[in-house]
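One structure is given below, encoded as structure tokens.
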Amino acid sequence: MWNFIKEFGFPYKKYYLFGLLALIATTFVTTLIPLEIKNAINAIEVHQISKIPQIILTTVILSLILIIVRSLSRILIFIPGRNIEHDVRNTVFEHLLKLPSRFYQNRKIGDLMSVIINDAQSLRATAAMGFLHIANTILIFIFVFYQMSKLNLPLAFCVLLPIPAAMLIVKHYVKTLFSAISENQKNLGEITNFCVETLTSIHLIKSFAKEETIESYSKSVNDAYEKSTLNVAKIRSKMVPFIGIIGSIGHWTVFTVGGYLIIHDQLKLGDFAAYLGYVEMLAWPTASLAWIINITQRGNAAIKRINEIRSVPTEKTMRIPKNHSNQHNEGSRIEFNNLTFNYPSQEKSALSNITLSIKKGDRVGIFGPTGSGKTTLVNILCGFEPIQKSQVFIDDEDITLIPLDTLQEKISLASQSPHIFSESIENNIHYSPSGSQVSDESNQGYANKASLLKDIAAFPHHFKTMTGEKGVMLSGGQKSRLALARAFHKPHTLLILDDVLSAVDHDTEYTLISHIFSTDMHSTKLIVSHRVSALTYCDTIIVLDHGKIIDQGSHADLIKRPGSYHTTWQHQQQFHS
């Protein structure tokens, strides 16, 4: 909590300082009003009625001042609460953007959304309402004890004596409440994740008629959240009444001890009335201690979940040594030096002893069956997977020492499973830093290179046509070609096409191949494909199997010797004929 306060609270220390001053003024003025009630009762008791108008006027003035300083204290303290929620969300989201792809393989998107939304709200409550009520409670106890001690010190000790003992008992609930709240927030994340997965795959659910199964699972997830919520409520239901008893003890003490003092003329009736007012002032802060504990424990649980994310090293932290000069030569010559790579969850190597040299401007094809390591090789080149030093070089510079943003600025990737944003077609094409302002002629040029222009012309709003959630309005082939247009648009020195031709027909494939190999001849091209026809014009073709290079050469060389490439070429030739 202290680290959180230093990072997010200190930037708004002026708000908290002036808010605290306003809160001090609020509490002080509040404790003056019972004294005016005391003065009024004592004046009536001695038949000094002439003092009553002045006492009433003083009370009204104090009430007006109280309205101003109380409102000011809330405004000054709630403003940083909202700002801290804003800062926490931005900080967590920026960190998520810098985390390696492997992180998202082990974390559910719904749970991450719950952290960004719900846990940030919990921290806002802690930073605003938590601070307000903690400070308010401390100040009320200090000022009330001061005023009560001035009236009668022994009675003041009698009223406040049960509170420290009660706090020791309340401490027992805190640890249990923290565990219950942590479980509750975790279950809330499970619900969020379930909703995200269900709604994004609604077509699959309907096509397989799995509505009843989903409803059943929804009930189990919801029941778990209900159970954890009720568990939190049960703990609070035990804690709140117990704390409320403290206030009742205070009333009992005032009536018992105070009554005894009045009978023996050791306490005036007005002082007794003031004591009752002060006990009432202590009732709400005392009763709200349970609520304050609940807010702070929710904040602690939220900080724990957020720190779990923020403690994961970012890609830049893992990839850039402190002494790196951030100088990076432009170019696309690639060297693989005995590259071996293992996924943490697999014992067998995904890539083994890959040694390969790709010259600047080369057109290299990568061929192999499913699971042979083609996409893994692409992910390593793009910096998505961490590798050991001195295994991959770009222009004689170790890829692990190249700043990640510099590396990825030079690479343009069209993946085999492209993500289409719920945006217009032109905005999907322009998804890059340089794509903010692009002319209509450029739009048509990129779409034409990707053989997408005729399809766009058939849409009702052409380039302004909305693609829908994850491109639901587009076919598989249209998604692949839209991703290809996006890859053409991004400035690059290395173009990587990961099986983007698998969803298009033969005629479209032929057109695309001619565009791919005639576009930007200066950039290096790495083309991954199951189709031999897509690799025909490559300078070199690498054949992978079980993570190893089993053959390489030009298309003309590979079809002359027996092997998987030759066999696949024969089958595909027979199919197209």
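Quick note on naming: the chains in the structure tokens go A, B, ... in the order shown, residues restart at 1 in each chain, and ligands are numbered from 1 in order of appearance.
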Per residue of region 430-482 of chain A within 6 Å of region 489-509 of chain A, which atom pair is closest and at what distance in Å (one decimal), using only C-alpha atoms, listed by chain and increasing number, as a Markdown table?
```
| residue | atom | partner | partner_atom | distance |
| --- | --- | --- | --- | --- |
| A:Gly476 | CA | A:Ala503 | CA | 5.9 |
| A:Gly477 | CA | A:Ala503 | CA | 4.7 |
| A:Ser480 | CA | A:Val500 | CA | 5.7 |
```
Non-local contacts of Leu132 (chain A) (9 Å; only C-alpha atoms; under 2 positions in same chain excluded) as a ChimeraX atom specification: /A:19-20,23,73-74,77-78,126-130,134-137
Please, could you write that set of residues out with C-alpha atoms as a short mmCIF file (atom, residue, chain, number, x, y, z; two decimals), in the first residue's frame?
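Listing of part_7.cif after writing:
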```
data_model
loop_
_atom_site.label_atom_id
_atom_site.label_comp_id
_atom_site.auth_asym_id
_atom_site.auth_seq_id
_atom_site.Cartn_x
_atom_site.Cartn_y
_atom_site.Cartn_z
CA GLY A 19 -8.32 18.42 1.61
CA LEU A 20 -6.91 17.35 4.96
CA LEU A 23 -11.28 18.10 6.90
CA SER A 73 -12.89 18.57 1.84
CA ARG A 74 -14.89 16.10 -0.28
CA ILE A 77 -10.05 14.48 -1.76
CA PHE A 78 -12.32 12.93 -4.44
CA THR A 126 -9.37 3.38 -1.31
CA ALA A 127 -7.64 6.55 -2.48
CA ALA A 128 -10.72 8.73 -2.03
CA MET A 129 -13.32 7.33 0.39
CA GLY A 130 -10.73 5.29 2.28
CA ILE A 134 -9.64 7.13 7.89
CA ALA A 135 -8.55 10.75 8.35
CA ASN A 136 -12.05 11.78 9.42
CA THR A 137 -12.23 9.00 12.04
#
```
Contact residues around Lys525 (chain A) with only C-alpha atoms at 12 Å, ignoring same-chain residues under 6 positions, as a PyMOL selection string: chain A and resi 332-334+358-366+378+411-414+487-488+492-498+513+516-519+535+537-541
What lies within 8 Å of Ile191 (chain A) using only C-alpha atoms, ignoring chain neighbours under 2 positions off, as a list in words? Gly110, Asn187, Leu188, Gly189, Asn193, Phe194, Cys195, Val221, Asn222 and Tyr225 of chain A
Between A:Tyr565, A:Phe208, A:Tyr217, A:Phe178, which residue has the minimum interatomic distance to Glu190 (chain A), considering only C-alpha atoms?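 Comparing A:Tyr565, A:Phe208, A:Tyr217, A:Phe178 against Glu190 (chain A), the winner is A:Tyr217.
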Enumerate as a PDB file with C-alpha atoms, in the first residue's frame all residues of region 337-487 of chain A assigned to alpha helix (DSSP H) by DSSP on the backbone, naming them with the chain letters and numbers the document uses.
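Dumped everything to states-v8.pdb:
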```pdb
ATOM      1  CA  LYS A 374       7.437 -22.345 -39.534  1.00  0.00           C
ATOM      2  CA  THR A 375       5.363 -19.951 -37.393  1.00  0.00           C
ATOM      3  CA  THR A 376       7.801 -20.308 -34.487  1.00  0.00           C
ATOM      4  CA  LEU A 377      10.583 -19.100 -36.758  1.00  0.00           C
ATOM      5  CA  VAL A 378       8.443 -16.110 -37.763  1.00  0.00           C
ATOM      6  CA  ASN A 379       7.598 -15.290 -34.133  1.00  0.00           C
ATOM      7  CA  ILE A 380      11.284 -15.306 -33.205  1.00  0.00           C
ATOM      8  CA  LEU A 381      12.129 -12.931 -36.044  1.00  0.00           C
ATOM      9  CA  LEU A 404      12.171  -4.136 -29.812  1.00  0.00           C
ATOM     10  CA  ASP A 405      10.340  -1.119 -31.204  1.00  0.00           C
ATOM     11  CA  THR A 406      13.176  -0.554 -33.701  1.00  0.00           C
ATOM     12  CA  LEU A 407      13.050  -4.206 -34.757  1.00  0.00           C
ATOM     13  CA  GLN A 408       9.302  -4.267 -35.235  1.00  0.00           C
ATOM     14  CA  GLU A 409       9.237  -0.960 -37.090  1.00  0.00           C
ATOM     15  CA  LYS A 410      11.297  -2.630 -39.836  1.00  0.00           C
ATOM     16  CA  ILE A 425     -11.866  -1.172 -44.102  1.00  0.00           C
ATOM     17  CA  GLU A 426      -9.633   1.871 -44.609  1.00  0.00           C
ATOM     18  CA  ASN A 427      -8.846   2.128 -40.887  1.00  0.00           C
ATOM     19  CA  ASN A 428      -7.884  -1.543 -40.840  1.00  0.00           C
ATOM     20  CA  ILE A 429      -5.509  -0.937 -43.756  1.00  0.00           C
ATOM     21  CA  ASP A 440      -7.893   7.711 -51.706  1.00  0.00           C
ATOM     22  CA  GLU A 441      -5.355   6.856 -54.414  1.00  0.00           C
ATOM     23  CA  SER A 442      -3.154   5.165 -51.809  1.00  0.00           C
ATOM     24  CA  ASN A 443      -6.150   3.277 -50.482  1.00  0.00           C
ATOM     25  CA  GLN A 444      -6.864   1.916 -53.916  1.00  0.00           C
ATOM     26  CA  GLY A 445      -3.204   1.117 -54.497  1.00  0.00           C
ATOM     27  CA  TYR A 446      -2.837  -0.991 -51.333  1.00  0.00           C
ATOM     28  CA  ALA A 447      -6.177  -2.706 -51.932  1.00  0.00           C
ATOM     29  CA  ASN A 448      -5.254  -3.441 -55.558  1.00  0.00           C
ATOM     30  CA  LYS A 449      -1.919  -5.008 -54.550  1.00  0.00           C
ATOM     31  CA  LEU A 453     -10.271  -3.710 -54.811  1.00  0.00           C
ATOM     32  CA  LYS A 454     -13.116  -5.537 -56.567  1.00  0.00           C
ATOM     33  CA  ASP A 455     -14.482  -6.819 -53.266  1.00  0.00           C
ATOM     34  CA  ILE A 456     -14.400  -3.337 -51.724  1.00  0.00           C
ATOM     35  CA  ALA A 457     -16.165  -1.879 -54.744  1.00  0.00           C
ATOM     36  CA  ALA A 458     -19.010  -4.350 -54.149  1.00  0.00           C
ATOM     37  CA  GLY A 476     -11.804 -15.790 -44.720  1.00  0.00           C
ATOM     38  CA  GLY A 477     -10.101 -14.851 -47.966  1.00  0.00           C
ATOM     39  CA  GLN A 478     -11.134 -11.213 -47.640  1.00  0.00           C
ATOM     40  CA  LYS A 479      -9.686 -11.089 -44.125  1.00  0.00           C
ATOM     41  CA  SER A 480      -6.372 -12.486 -45.380  1.00  0.00           C
ATOM     42  CA  ARG A 481      -6.198  -9.991 -48.228  1.00  0.00           C
ATOM     43  CA  LEU A 482      -7.129  -7.101 -45.933  1.00  0.00           C
ATOM     44  CA  ALA A 483      -4.265  -8.136 -43.652  1.00  0.00           C
ATOM     45  CA  LEU A 484      -2.006  -8.281 -46.691  1.00  0.00           C
ATOM     46  CA  ALA A 485      -3.025  -4.737 -47.714  1.00  0.00           C
ATOM     47  CA  ARG A 486      -2.209  -3.643 -44.166  1.00  0.00           C
ATOM     48  CA  ALA A 487       1.217  -5.275 -44.455  1.00  0.00           C
TER      49      ALA A 487
END
```
Would you pick out the contacts of Val92 (chain A) at 8 Å or less, using only C-alpha atoms, so that residues sharing its chain but fewer than 5 positions from it are not included, and give the list as a VMD selection string? chain A and resid 116 306 309 to 310
Please write the residues from the selection above to a file, keeping N, CA and C atoms, as a PDB file, in the first residue's frame.
```pdb
ATOM      1  N   ILE A 116      -8.222  -4.211 -14.883  1.00  0.00           N
ATOM      2  CA  ILE A 116      -8.191  -2.839 -15.384  1.00  0.00           C
ATOM      3  C   ILE A 116      -9.434  -2.060 -14.963  1.00  0.00           C
ATOM      4  N   ILE A 306      -2.822  -6.200  -9.281  1.00  0.00           N
ATOM      5  CA  ILE A 306      -2.166  -5.307 -10.238  1.00  0.00           C
ATOM      6  C   ILE A 306      -0.656  -5.523 -10.216  1.00  0.00           C
ATOM      7  N   ILE A 309       0.666  -8.364 -12.272  1.00  0.00           N
ATOM      8  CA  ILE A 309       0.839  -8.056 -13.694  1.00  0.00           C
ATOM      9  C   ILE A 309       2.068  -7.194 -13.913  1.00  0.00           C
ATOM     10  N   ARG A 310       2.210  -6.166 -13.088  1.00  0.00           N
ATOM     11  CA  ARG A 310       3.305  -5.214 -13.281  1.00  0.00           C
ATOM     12  C   ARG A 310       4.669  -5.817 -12.955  1.00  0.00           C
TER      13      ARG A 310
END
```
Run DSSP on the backbone and tell me which residues of region 350-568 of chain A come out as strand (DSSP E or B); list them as a ChimeraX atom specification. /A:351-358,363-367,392-394,397-398,411-414,424,466,494-498,524-528,540-545,548-553
Determine, counting only C-alpha atoms, which protein, DNA and RNA residues have an atom within 10 Å of an atom of Phe367 (chain A); residues of the same chain fewer than 3 positions away are not included. Present the result as an NGL selection string. :A and (364 or 370 or 372-374 or 499 or 527-532 or 535 or 541-545 or 549 or 551-552 or 564-565)
Write a file of the just-selected residues containing N, CA and C atoms, as a tab-separated table (two decimals), in the first residue's frame.
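Output contents, as saved in result_9.tsv:
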```tsv
chain	number	residue	atom	x	y	z
A	364	VAL	N	12.65	-15.49	-49.79
A	364	VAL	CA	12.86	-16.81	-49.19
A	364	VAL	C	11.51	-17.43	-48.85
A	370	THR	N	2.32	-29.03	-40.96
A	370	THR	CA	1.87	-28.40	-39.73
A	370	THR	C	2.70	-28.89	-38.54
A	372	SER	N	5.86	-28.04	-38.04
A	372	SER	CA	7.27	-28.19	-38.39
A	372	SER	C	8.13	-27.04	-37.85
A	373	GLY	N	7.49	-25.94	-37.35
A	373	GLY	CA	8.25	-24.84	-36.76
A	373	GLY	C	8.26	-23.58	-37.60
A	374	LYS	N	7.43	-23.51	-38.64
A	374	LYS	CA	7.44	-22.35	-39.53
A	374	LYS	C	7.01	-21.07	-38.79
A	499	ASP	N	1.56	-17.78	-44.36
A	499	ASP	CA	0.46	-18.59	-44.89
A	499	ASP	C	-0.79	-17.77	-45.18
A	527	ILE	N	8.29	-15.80	-47.01
A	527	ILE	CA	6.95	-16.28	-47.34
A	527	ILE	C	6.78	-17.70	-46.82
A	528	VAL	N	5.85	-17.85	-45.89
A	528	VAL	CA	5.52	-19.17	-45.33
A	528	VAL	C	4.26	-19.66	-46.01
A	529	SER	N	4.30	-20.87	-46.52
A	529	SER	CA	3.12	-21.37	-47.23
A	529	SER	C	3.12	-22.89	-47.32
A	530	HIS	N	1.90	-23.46	-47.32
A	530	HIS	CA	1.73	-24.88	-47.60
A	530	HIS	C	1.63	-25.12	-49.11
A	531	ARG	N	1.32	-24.04	-49.85
A	531	ARG	CA	1.14	-24.17	-51.28
A	531	ARG	C	2.47	-23.97	-52.00
A	532	VAL	N	2.86	-24.96	-52.76
A	532	VAL	CA	4.11	-24.88	-53.52
A	532	VAL	C	4.04	-23.76	-54.55
A	535	LEU	N	5.42	-20.44	-53.64
A	535	LEU	CA	6.86	-20.35	-53.42
A	535	LEU	C	7.67	-20.46	-54.70
A	541	ILE	N	14.15	-21.77	-51.09
A	541	ILE	CA	13.04	-22.36	-50.34
A	541	ILE	C	13.64	-23.27	-49.27
A	542	ILE	N	13.20	-23.05	-48.02
A	542	ILE	CA	13.65	-23.85	-46.88
A	542	ILE	C	12.56	-24.85	-46.54
A	543	VAL	N	12.91	-26.11	-46.46
A	543	VAL	CA	11.95	-27.15	-46.11
A	543	VAL	C	12.21	-27.58	-44.67
A	544	LEU	N	11.18	-27.38	-43.81
A	544	LEU	CA	11.29	-27.73	-42.40
A	544	LEU	C	10.48	-28.98	-42.09
A	545	ASP	N	10.97	-29.73	-41.12
A	545	ASP	CA	10.22	-30.88	-40.62
A	545	ASP	C	10.70	-31.16	-39.19
A	549	ILE	N	15.86	-28.12	-40.58
A	549	ILE	CA	15.93	-27.93	-42.02
A	549	ILE	C	16.34	-29.26	-42.66
A	551	ASP	N	15.86	-29.77	-46.11
A	551	ASP	CA	16.23	-29.54	-47.51
A	551	ASP	C	16.13	-28.05	-47.78
A	552	GLN	N	16.85	-27.59	-48.80
A	552	GLN	CA	16.74	-26.20	-49.22
A	552	GLN	C	17.28	-26.07	-50.63
A	564	SER	N	9.54	-34.25	-49.43
A	564	SER	CA	8.19	-33.78	-49.15
A	564	SER	C	7.77	-32.65	-50.07
A	565	TYR	N	8.71	-31.79	-50.44
A	565	TYR	CA	8.38	-30.69	-51.35
A	565	TYR	C	8.00	-31.23	-52.73
```
List the spatial neighbours of Ile559 (chain A) as an mmCIF file with N, CA and C atoms, in the first residue's frame - criterion: any atom at most 9 Å away, only C-alpha atoms, same-chain residues fewer than 5 positions off excluded.
```cif
data_model
loop_
_atom_site.group_PDB
_atom_site.id
_atom_site.type_symbol
_atom_site.label_atom_id
_atom_site.label_comp_id
_atom_site.auth_asym_id
_atom_site.auth_seq_id
_atom_site.Cartn_x
_atom_site.Cartn_y
_atom_site.Cartn_z
ATOM 1 N N SER A 554 16.294 -23.838 -54.707
ATOM 2 C CA SER A 554 15.276 -23.154 -55.507
ATOM 3 C C SER A 554 14.148 -24.125 -55.834
ATOM 4 N N TYR A 565 8.714 -31.791 -50.445
ATOM 5 C CA TYR A 565 8.383 -30.690 -51.348
ATOM 6 C C TYR A 565 7.997 -31.231 -52.725
ATOM 7 N N HIS A 566 8.779 -32.166 -53.238
ATOM 8 C CA HIS A 566 8.502 -32.770 -54.550
ATOM 9 C C HIS A 566 7.150 -33.486 -54.535
ATOM 10 N N THR A 567 6.885 -34.222 -53.466
ATOM 11 C CA THR A 567 5.619 -34.960 -53.364
ATOM 12 C C THR A 567 4.430 -34.009 -53.315
ATOM 13 N N TRP A 569 4.301 -30.951 -54.435
ATOM 14 C CA TRP A 569 4.164 -30.283 -55.730
ATOM 15 C C TRP A 569 3.413 -31.163 -56.717
ATOM 16 N N GLN A 570 3.719 -32.448 -56.723
ATOM 17 C CA GLN A 570 3.020 -33.376 -57.631
ATOM 18 C C GLN A 570 1.534 -33.452 -57.304
#
```
Between A:Lys548, A:His86, A:Pro386, A:Tyr431, which is the closest to Pro313 (chain A) once you count only C-alpha atoms?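 Closest to Pro313 (chain A), using only C-alpha atoms: A:Pro386.
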Would you compute the distance between CA of Leu512 (chain A) and CA of Ala450 (chain A)? Give it in Å to one decimal.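 About the pair CA of Leu512 (chain A) and CA of Ala450 (chain A): they are 6.2 Å apart.
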